[in-house]
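Text of input-v6.cif (mmCIF, C-alpha atoms) as supplied:
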data_protein
loop_
_atom_site.label_atom_id
_atom_site.label_comp_id
_atom_site.auth_asym_id
_atom_site.auth_seq_id
_atom_site.Cartn_x
_atom_site.Cartn_y
_atom_site.Cartn_z
CA MET O 21 -50.29 -40.46 -56.77
CA ASN O 22 -51.99 -43.26 -54.81
CA GLY O 23 -49.92 -46.15 -53.52
CA VAL O 24 -47.38 -47.46 -51.01
CA PHE O 25 -43.62 -46.97 -50.86
CA ASN O 26 -41.59 -49.66 -49.11
CA ILE O 27 -39.00 -47.47 -47.39
CA LEU O 28 -35.76 -48.66 -45.80
CA LYS O 29 -35.68 -46.45 -42.71
CA PRO O 30 -32.15 -45.68 -41.55
CA PRO O 31 -31.23 -45.70 -37.84
CA ALA O 32 -31.33 -42.39 -35.92
CA MET O 33 -34.35 -41.19 -37.95
CA THR O 34 -37.91 -41.24 -36.65
CA SER O 35 -40.79 -42.63 -38.69
CA SER O 36 -42.27 -39.11 -38.76
CA ASP O 37 -38.97 -37.83 -40.20
CA VAL O 38 -39.34 -40.32 -43.06
CA VAL O 39 -42.83 -38.98 -43.79
CA SER O 40 -41.56 -35.37 -43.76
CA HIS O 41 -38.76 -36.23 -46.19
CA LEU O 42 -41.18 -37.97 -48.55
CA ARG O 43 -43.59 -35.04 -48.48
CA ARG O 44 -40.75 -32.84 -49.69
CA ILE O 45 -39.44 -35.32 -52.26
CA LEU O 46 -42.85 -36.18 -53.75
CA ALA O 47 -44.53 -32.78 -53.23
CA GLU O 48 -47.49 -34.68 -51.73
CA LYS O 49 -49.39 -33.70 -48.59
CA ARG O 50 -51.37 -36.89 -47.97
CA ILE O 51 -48.67 -39.21 -46.67
CA GLY O 52 -48.62 -41.45 -43.60
CA HIS O 53 -46.54 -44.33 -42.28
CA THR O 54 -47.90 -47.70 -41.20
CA GLY O 55 -46.67 -47.91 -37.63
CA THR O 56 -43.80 -46.41 -35.69
CA LEU O 57 -40.40 -48.06 -35.97
CA ASP O 58 -38.01 -47.18 -33.12
CA PRO O 59 -35.74 -44.23 -34.02
CA GLY O 60 -32.66 -46.36 -33.33
CA ALA O 61 -33.92 -49.23 -35.47
CA ALA O 62 -33.56 -49.63 -39.22
CA GLY O 63 -35.66 -51.54 -41.70
CA VAL O 64 -38.94 -51.82 -43.52
CA LEU O 65 -41.39 -48.92 -43.14
CA PRO O 66 -44.28 -48.93 -45.62
CA VAL O 67 -45.45 -45.36 -46.29
CA CYS O 68 -48.84 -44.67 -47.86
CA VAL O 69 -49.42 -41.82 -50.30
CA GLY O 70 -52.64 -40.15 -51.44
CA ARG O 71 -55.77 -42.26 -51.20
CA ALA O 72 -53.65 -45.19 -50.01
CA THR O 73 -53.45 -43.52 -46.58
CA LYS O 74 -56.86 -45.15 -46.07
CA ILE O 75 -55.26 -48.60 -46.06
CA ALA O 76 -52.44 -47.76 -43.62
CA ASP O 77 -54.27 -49.27 -40.64
CA TYR O 78 -54.76 -52.57 -42.47
CA ILE O 79 -51.06 -52.84 -43.33
CA MET O 80 -50.17 -51.87 -39.75
CA ARG O 81 -51.98 -54.93 -38.38
CA GLY O 82 -49.73 -57.39 -40.18
CA ASP O 83 -47.14 -59.65 -38.59
CA LYS O 84 -43.50 -58.55 -38.32
CA GLU O 85 -40.03 -60.06 -38.52
CA TYR O 86 -36.87 -58.62 -36.98
CA ILE O 87 -33.17 -59.31 -36.76
CA ALA O 88 -32.07 -58.25 -33.29
CA GLU O 89 -28.78 -58.36 -31.45
CA ILE O 90 -29.16 -59.04 -27.72
CA THR O 91 -26.26 -58.08 -25.47
CA PHE O 92 -26.03 -59.42 -21.93
CA GLY O 93 -24.20 -57.80 -19.02
CA ALA O 94 -25.62 -54.28 -19.25
CA ALA O 95 -28.94 -52.43 -19.28
CA THR O 96 -30.04 -48.96 -20.40
CA ASP O 97 -33.03 -46.75 -19.66
CA THR O 98 -34.27 -47.06 -23.28
CA LEU O 99 -33.54 -50.81 -23.45
CA ASP O 100 -31.33 -50.20 -26.52
CA SER O 101 -27.87 -48.85 -27.29
CA TYR O 102 -29.09 -45.24 -27.52
CA GLY O 103 -29.95 -44.92 -23.85
CA THR O 104 -28.07 -44.21 -20.64
CA LEU O 105 -26.38 -47.12 -18.90
CA THR O 106 -28.40 -48.03 -15.79
CA GLN O 107 -26.95 -51.39 -14.76
CA GLU O 108 -24.00 -53.69 -15.32
CA CYS O 109 -23.54 -57.30 -14.25
CA SER O 110 -20.81 -59.88 -14.58
CA CYS O 111 -22.93 -62.67 -16.05
CA LYS O 112 -21.69 -64.89 -18.86
CA VAL O 113 -24.41 -66.27 -21.15
CA ASP O 114 -23.51 -68.92 -23.72
CA LYS O 115 -25.60 -70.20 -26.64
CA GLU O 116 -26.77 -73.28 -24.75
CA ALA O 117 -28.11 -71.21 -21.83
CA LEU O 118 -29.88 -68.84 -24.22
CA ALA O 119 -31.40 -71.75 -26.16
CA ARG O 120 -32.83 -73.19 -22.92
CA VAL O 121 -34.88 -70.06 -22.08
CA VAL O 122 -35.95 -69.04 -25.61
CA PRO O 123 -38.95 -71.45 -25.66
CA GLN O 124 -40.43 -69.54 -22.70
CA PHE O 125 -40.90 -66.58 -25.01
CA ILE O 126 -42.72 -68.36 -27.85
CA GLY O 127 -46.49 -67.98 -27.96
CA LYS O 128 -48.78 -65.42 -26.36
CA LEU O 129 -46.96 -63.06 -24.01
CA SER O 130 -47.98 -60.24 -21.72
CA GLN O 131 -45.79 -57.20 -22.38
CA THR O 132 -45.67 -53.80 -20.71
CA PRO O 133 -44.73 -51.04 -23.19
CA PRO O 134 -41.35 -49.44 -22.33
CA MET O 135 -41.37 -45.85 -21.13
CA TYR O 136 -39.32 -44.85 -24.16
CA SER O 137 -42.03 -45.67 -26.71
CA ALA O 138 -44.63 -43.91 -28.85
CA VAL O 139 -47.53 -45.31 -26.79
CA LYS O 140 -49.68 -42.42 -25.58
CA HIS O 141 -50.84 -41.55 -22.07
CA ASN O 142 -53.43 -38.75 -21.80
CA GLY O 143 -52.45 -37.55 -25.26
CA LYS O 144 -48.70 -37.51 -24.55
CA LYS O 145 -46.23 -40.03 -25.93
CA LEU O 146 -44.48 -42.01 -23.22
CA TYR O 147 -41.01 -41.05 -24.43
CA GLU O 148 -41.94 -37.37 -24.05
CA LEU O 149 -42.88 -38.01 -20.42
CA ALA O 150 -39.77 -40.14 -19.86
CA ARG O 151 -37.51 -37.32 -21.03
CA ARG O 152 -39.10 -35.12 -18.36
CA GLY O 153 -38.44 -37.75 -15.70
CA ILE O 154 -42.10 -38.79 -15.44
CA THR O 155 -42.83 -42.52 -15.12
CA VAL O 156 -46.26 -43.89 -15.99
CA GLU O 157 -47.48 -47.43 -15.38
CA LYS O 158 -49.17 -48.72 -18.53
CA PRO O 159 -51.28 -51.88 -18.46
CA PRO O 160 -49.66 -54.92 -20.10
CA ARG O 161 -50.84 -55.95 -23.53
CA GLU O 162 -51.01 -59.38 -25.13
CA VAL O 163 -48.69 -60.00 -28.05
CA SER O 164 -47.64 -63.13 -29.94
CA VAL O 165 -44.13 -64.33 -30.70
CA TYR O 166 -44.21 -67.04 -33.34
CA GLU O 167 -40.53 -67.89 -33.64
CA ILE O 168 -37.13 -66.99 -32.18
CA GLU O 169 -34.10 -68.34 -34.01
CA ILE O 170 -30.56 -67.92 -32.70
CA LEU O 171 -28.65 -67.04 -35.86
CA GLU O 172 -25.15 -66.65 -34.46
CA GLY O 173 -23.23 -65.29 -31.53
CA GLU O 174 -20.65 -65.79 -28.84
CA CYS O 175 -20.64 -65.29 -25.10
CA ASN O 176 -23.05 -62.47 -24.10
CA ARG O 177 -23.82 -61.28 -27.64
CA PHE O 178 -26.20 -63.04 -30.02
CA LEU O 179 -28.08 -62.32 -33.22
CA LEU O 180 -31.74 -63.40 -33.20
CA ARG O 181 -34.43 -63.65 -35.86
CA ILE O 182 -37.82 -62.93 -34.31
CA ALA O 183 -41.23 -63.38 -35.97
CA CYS O 184 -44.05 -61.73 -34.02
CA SER O 185 -47.37 -59.92 -34.05
CA LYS O 186 -48.08 -56.22 -34.26
CA GLY O 187 -47.33 -54.37 -31.05
CA THR O 188 -44.45 -56.58 -29.90
CA TYR O 189 -41.58 -54.60 -28.38
CA ILE O 190 -38.33 -56.36 -29.23
CA ARG O 191 -36.48 -54.19 -26.68
CA THR O 192 -38.77 -55.46 -23.94
CA LEU O 193 -38.47 -59.03 -25.19
CA CYS O 194 -34.66 -58.91 -25.02
CA ALA O 195 -34.72 -57.36 -21.54
CA ASP O 196 -37.14 -60.07 -20.37
CA ILE O 197 -34.87 -62.80 -21.78
CA GLY O 198 -32.11 -61.28 -19.67
CA VAL O 199 -34.29 -61.48 -16.55
CA ALA O 200 -35.01 -65.15 -17.30
CA LEU O 201 -31.25 -65.74 -17.26
CA SER O 202 -30.77 -63.71 -14.05
CA CYS O 203 -28.82 -61.20 -16.08
CA CYS O 204 -29.37 -57.69 -17.44
CA ALA O 205 -29.64 -57.29 -21.22
CA TYR O 206 -30.42 -54.74 -23.91
CA THR O 207 -31.09 -54.63 -27.67
CA SER O 208 -27.84 -53.48 -29.24
CA PHE O 209 -29.06 -53.66 -32.86
CA LEU O 210 -32.51 -53.90 -34.46
CA LEU O 211 -33.53 -54.36 -38.10
CA ARG O 212 -37.12 -54.92 -39.20
CA THR O 213 -36.94 -57.28 -42.16
CA LYS O 214 -40.64 -57.85 -42.82
CA THR O 215 -44.01 -56.30 -42.07
CA CYS O 216 -47.28 -57.51 -43.56
CA GLY O 217 -45.50 -59.01 -46.57
CA TYR O 218 -43.23 -56.02 -47.22
CA GLU O 219 -39.61 -57.21 -47.18
CA VAL O 220 -36.33 -55.42 -46.66
CA GLN O 221 -34.79 -56.76 -49.87
CA ASN O 222 -37.52 -54.96 -51.86
CA SER O 223 -37.26 -51.64 -50.02
CA TYR O 224 -35.93 -48.28 -51.23
CA THR O 225 -33.80 -45.74 -49.41
CA LEU O 226 -34.95 -42.13 -49.30
CA ALA O 227 -31.97 -41.22 -51.50
CA GLU O 228 -33.14 -43.71 -54.15
CA ILE O 229 -36.67 -42.31 -54.06
CA GLU O 230 -35.31 -38.78 -54.40
CA GLU O 231 -33.19 -39.76 -57.39
CA LEU O 232 -36.21 -41.33 -59.09
CA ALA O 233 -38.36 -38.29 -58.29
CA GLU O 234 -35.82 -35.94 -59.85
CA GLY O 235 -36.25 -37.88 -63.09
CA GLY O 236 -40.04 -37.90 -62.77
CA GLU O 237 -40.05 -41.65 -62.11
CA ALA O 238 -40.91 -41.93 -58.41
CA GLU O 239 -43.93 -44.08 -59.20
CA ARG O 240 -41.57 -46.83 -60.38
CA ALA O 241 -40.86 -47.48 -56.69
CA MET O 242 -44.51 -47.26 -55.63
CA LEU O 243 -46.81 -50.23 -55.16
CA PRO O 244 -50.31 -49.49 -56.49
CA MET O 245 -53.07 -50.04 -53.97
CA GLU O 246 -54.13 -53.26 -55.67
CA ASP O 247 -50.71 -54.80 -55.04
CA ALA O 248 -50.40 -53.21 -51.61
CA LEU O 249 -53.54 -55.09 -50.54
CA GLY O 250 -52.27 -58.40 -51.91
CA PHE O 251 -52.34 -59.89 -48.40
CA MET O 252 -56.13 -59.41 -48.19
CA GLN O 253 -58.81 -61.75 -49.52
CA GLN O 254 -60.58 -60.45 -52.62
CA ILE O 255 -64.12 -60.53 -53.96
CA CYS O 256 -65.26 -59.53 -57.44
CA CYS O 257 -68.74 -58.02 -57.68
CA PRO O 258 -70.96 -57.98 -60.78
CA GLY O 259 -70.67 -54.86 -62.92
CA HIS O 260 -74.25 -53.70 -62.30
CA LEU O 261 -73.31 -53.06 -58.64
CA PHE O 262 -70.62 -50.51 -59.55
CA ARG O 263 -72.79 -47.44 -58.90
CA PHE O 264 -73.96 -48.78 -55.55
CA LEU O 265 -70.46 -49.69 -54.39
CA THR O 266 -68.90 -46.37 -55.41
CA THR O 267 -71.62 -44.35 -53.66
CA GLY O 268 -71.34 -46.27 -50.39
CA ARG O 269 -74.66 -48.08 -50.53
CA PRO O 270 -74.69 -51.50 -48.80
CA ILE O 271 -75.25 -54.48 -51.10
CA ASP O 272 -78.03 -56.90 -50.14
CA LEU O 273 -76.22 -60.24 -50.23
CA THR O 274 -79.47 -62.23 -50.35
CA LYS O 275 -79.99 -60.87 -53.87
CA THR O 276 -76.52 -61.75 -55.17
CA ASP O 277 -74.26 -64.77 -55.56
CA ILE O 278 -71.55 -63.09 -53.43
CA ARG O 279 -70.44 -65.30 -50.53
CA ILE O 280 -68.37 -63.75 -47.76
CA GLU O 281 -67.56 -64.62 -44.16
CA PRO O 282 -68.38 -62.44 -41.14
CA ASP O 283 -65.56 -60.63 -39.31
CA THR O 284 -63.36 -60.74 -42.42
CA GLU O 285 -62.17 -57.79 -44.48
CA TYR O 286 -62.05 -58.05 -48.26
CA ALA O 287 -60.54 -56.04 -51.09
CA VAL O 288 -63.65 -55.38 -53.16
CA TYR O 289 -63.38 -55.22 -56.96
CA CYS O 290 -65.99 -54.34 -59.56
CA ARG O 291 -65.47 -53.95 -63.32
CA ASN O 292 -61.82 -54.92 -62.72
CA GLU O 293 -61.28 -51.91 -60.45
CA LEU O 294 -60.48 -51.77 -56.76
CA ILE O 295 -63.47 -50.12 -55.09
CA GLY O 296 -62.48 -50.34 -51.46
CA ILE O 297 -62.33 -52.56 -48.41
CA GLY O 298 -65.57 -54.22 -47.40
CA LYS O 299 -66.96 -56.57 -44.80
CA LYS O 300 -70.19 -58.32 -43.97
CA ALA O 301 -72.74 -56.33 -41.98
CA GLY O 302 -75.78 -58.46 -41.29
CA ASN O 303 -76.96 -59.64 -44.70
CA THR O 304 -75.17 -56.87 -46.56
CA LEU O 305 -71.75 -56.12 -47.96
CA LYS O 306 -70.66 -52.74 -46.63
CA ILE O 307 -67.69 -50.76 -47.92
CA VAL O 308 -65.88 -49.61 -44.79
CA SER O 309 -63.05 -47.83 -46.57
CA THR O 310 -63.78 -46.32 -49.99
CA LEU O 311 -60.85 -46.16 -52.39
CA LYS O 312 -62.79 -45.23 -55.54
CA LEU O 313 -65.71 -42.84 -55.90
CA LEU O 314 -68.25 -42.70 -58.70
CA GLY O 315 -66.85 -40.56 -61.49
CA ASP O 316 -63.25 -40.91 -60.33
CA THR O 317 -60.88 -41.73 -63.18
CA SER O 318 -57.60 -41.39 -61.29
CA SER O 319 -56.95 -45.13 -60.95
CA GLY O 320 -56.42 -47.54 -63.78
CA THR O 321 -58.03 -50.84 -64.58
CA VAL O 322 -56.47 -53.90 -62.98
CA ASN O 323 -57.06 -57.60 -63.00
CA ALA O 324 -58.30 -58.90 -59.67
CA LYS O 325 -56.40 -61.96 -58.56
#

Using structure tokens, write down the structure from this file.
Amino acid sequence: MNGVFNILKPPAMTSSDVVSHLRRILAEKRIGHTGTLDPGAAGVLPVCVGRATKIADYIMRGDKEYIAEITFGAATDTLDSYGTLTQECSCKVDKEALARVVPQFIGKLSQTPPMYSAVKHNGKKLYELARRGITVEKPPREVSVYEIEILEGECNRFLLRIACSKGTYIRTLCADIGVALSCCAYTSFLLRTKTCGYEVQNSYTLAEIEELAEGGEAERAMLPMEDALGFMQQICCPGHLFRFLTTGRPIDLTKTDIRIEPDTEYAVYCRNELIGIGKKAGNTLKIVSTLKLLGDTSSGTVNAK
């Protein structure tokens, strides 16, 4: 089994919990998720199985979309509704006031990861240190917020749609919006609706996957690697290069009609089969992540787009 499951993670379950459940349901050891989703959040969590674990990092880099509820007038140590109340204030924020500050948070932002996060410090996750009362200053990181839309809401409680880059902490964003309004705020609800093209309306619950697996049909819910890499540019190599590509030998581009750009990753096909992910290295095409080896017959033939 080699492919990607688009899982609808429920709240109060960690991303690692989802992986553990799928290992049991599918009786597969090689399983990995594509980026931690907050335990209190729900939404899209692509999970890679088998050889597809090699493409997890590429999916992880994709842009995200969230539906978040921001609540003004209170703050918690985790910046969401699962934490301990640390502050209250008597501010009243209306939609017009919120709309005035939202543009400040569009574009490139500098964000400091919250202490309750999976970011590591000396091999320990920050939330593990936070639970022991240890505070660590982490350097800010640059993230991009492409769009913030106020969907609905009344005084002090609003629903937002946020499109952003990998690594953006919505909890931090909501707290920072509160600061801009001279008010405390926290994320009272969070749903990830999209990540790298995977959408919540096409996701499966763990219960649905388990039901399919009991009938021997779990693969009905699985995206094959070819579809899972649909967001990536593709190149089709001549058939005589098949042996070279599947044994990891770089292809001399000066002796082929293949034209590729530097610093760009491609899904590489040959003989209508996905060989791997490749990029330009000097004057060669180098497979940087091999998804098919010479002699392997485990994947079927597909039509490259």

Check: Using the chain letters and numbers from the file, which residues does the PyMOL selection byres ((chain O and resi 191-204) around 10) grab, as number ranges by chain?
Finding: O: 58, 88-96, 98-100, 106-113, 117-118, 120-122, 124-125, 129, 131-134, 165, 176, 180, 182, 188-190, 205-210

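What separates atom CA of Ile27 of chain O from atom CA of Glu162 of chain O is a distance of 28.0 Å.
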
Notebook entry, point to check: Using all atoms listed in the file, which of O:Gly23, O:Gly296, O:Gly55, O:Gly302 sits nearest Ser36 of chain O?
Noted result: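 Counting all atoms listed in the file, the residue closest to Ser36 of chain O is O:Gly55.
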
How close does segment 218-307 of chain O get to segment 43-50 of chain O? List, as a Markdown table, each residue of segment 218-307 of chain O within 12 Å, its nearest atom pair and the distance in Å to one decimal, counting all atoms listed in the file.
| residue | atom | partner | partner_atom | distance |
| --- | --- | --- | --- | --- |
| O:Leu226 | CA | O:Ile45 | CA | 8.7 |
| O:Ala227 | CA | O:Ile45 | CA | 9.5 |
| O:Glu228 | CA | O:Ile45 | CA | 10.7 |
| O:Ile229 | CA | O:Ile45 | CA | 7.7 |
| O:Glu230 | CA | O:Ile45 | CA | 5.8 |
| O:Glu231 | CA | O:Ile45 | CA | 9.2 |
| O:Leu232 | CA | O:Ile45 | CA | 9.7 |
| O:Ala233 | CA | O:Leu46 | CA | 6.7 |
| O:Glu234 | CA | O:Ile45 | CA | 8.4 |
| O:Gly235 | CA | O:Leu46 | CA | 11.6 |
| O:Gly236 | CA | O:Leu46 | CA | 9.6 |
| O:Glu237 | CA | O:Leu46 | CA | 10.4 |
| O:Ala238 | CA | O:Leu46 | CA | 7.7 |
| O:Glu239 | CA | O:Leu46 | CA | 9.7 |
| O:Ala241 | CA | O:Leu46 | CA | 11.8 |
| O:Met242 | CA | O:Leu46 | CA | 11.4 |

Spatial neighbours of Ile51 of chain O, max dist 10 Å, all atoms listed in the file, sep filter under 3 positions, as a PDB file with C-alpha atoms, in the coordinates of the input:
ATOM      1  CA  ASN O  22     -51.990 -43.260 -54.810  1.00  0.00           C
ATOM      2  CA  GLY O  23     -49.920 -46.150 -53.520  1.00  0.00           C
ATOM      3  CA  VAL O  24     -47.380 -47.460 -51.010  1.00  0.00           C
ATOM      4  CA  VAL O  39     -42.830 -38.980 -43.790  1.00  0.00           C
ATOM      5  CA  SER O  40     -41.560 -35.370 -43.760  1.00  0.00           C
ATOM      6  CA  LEU O  42     -41.180 -37.970 -48.550  1.00  0.00           C
ATOM      7  CA  ARG O  43     -43.590 -35.040 -48.480  1.00  0.00           C
ATOM      8  CA  LEU O  46     -42.850 -36.180 -53.750  1.00  0.00           C
ATOM      9  CA  GLU O  48     -47.490 -34.680 -51.730  1.00  0.00           C
ATOM     10  CA  VAL O  67     -45.450 -45.360 -46.290  1.00  0.00           C
ATOM     11  CA  CYS O  68     -48.840 -44.670 -47.860  1.00  0.00           C
ATOM     12  CA  VAL O  69     -49.420 -41.820 -50.300  1.00  0.00           C
ATOM     13  CA  GLY O  70     -52.640 -40.150 -51.440  1.00  0.00           C
ATOM     14  CA  ARG O  71     -55.770 -42.260 -51.200  1.00  0.00           C
ATOM     15  CA  ALA O  72     -53.650 -45.190 -50.010  1.00  0.00           C
ATOM     16  CA  THR O  73     -53.450 -43.520 -46.580  1.00  0.00           C
ATOM     17  CA  ALA O  76     -52.440 -47.760 -43.620  1.00  0.00           C
TER      18      ALA O  76
END

Checklist line | Exercise: Thr213 of chain O partners within 7 Å, only C-alpha atoms, chain neighbours under 5 positions left out, as number ranges by chain | finding: O: 63-64, 85-87, 219-220

Note to self: Please compute the atom CA of Arg161 of chain O-atom CA of Val308 of chain O distance, one decimal, in Å.
What the structure shows: 26.8 Å

Next item on the list: Using all atoms listed in the file, find all polymer residues with an atom at most 10 Å away from the point (-55.7, -53.4, -43.2); report them as number ranges by chain.
Entry: O: 54, 74-82, 216, 248-249, 251-252, 285-287, 297, 309

Note to self: Residues near Ile271 of chain O, anyone? I mean within 8 Å using all atoms listed in the file, not counting same-chain ones fewer than 2 positions away, as a PyMOL selection string.
What the structure shows: chain O and resi 261+264-265+269+273+304-306

Check: Any idea what the distance is between atom CA of Pro66 of chain O and atom CA of Glu246 of chain O?
Finding: 14.7 Å

Check: Could you name the residues that touch Lys128 of chain O at 10 Å or less, counting all atoms listed in the file, but leaving out those on the same chain fewer than 5 positions away, as a list in words?
Finding: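 Listing them by chain and then by number gives Glu162, Val163, Ser164, Val165, Tyr166, Cys184 and Ser185 of chain O.
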
Given the selection you just returned, output its residues as a file containing C-alpha atoms, formatted as a PDB file, keeping the file's coordinate frame.
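So out35.pdb came out as:
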ATOM      1  CA  GLU O 162     -51.010 -59.380 -25.130  1.00  0.00           C
ATOM      2  CA  VAL O 163     -48.690 -60.000 -28.050  1.00  0.00           C
ATOM      3  CA  SER O 164     -47.640 -63.130 -29.940  1.00  0.00           C
ATOM      4  CA  VAL O 165     -44.130 -64.330 -30.700  1.00  0.00           C
ATOM      5  CA  TYR O 166     -44.210 -67.040 -33.340  1.00  0.00           C
ATOM      6  CA  CYS O 184     -44.050 -61.730 -34.020  1.00  0.00           C
ATOM      7  CA  SER O 185     -47.370 -59.920 -34.050  1.00  0.00           C
TER       8      SER O 185
END

Next item on the list: Find, counting all atoms listed in the file, the residue in O:Thr155, O:Phe25, O:Lys186, O:Gly127 that gets nearest to Leu57 of chain O.
Entry: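 Answer, going by the shortest atom-to-atom distance: O:Lys186.
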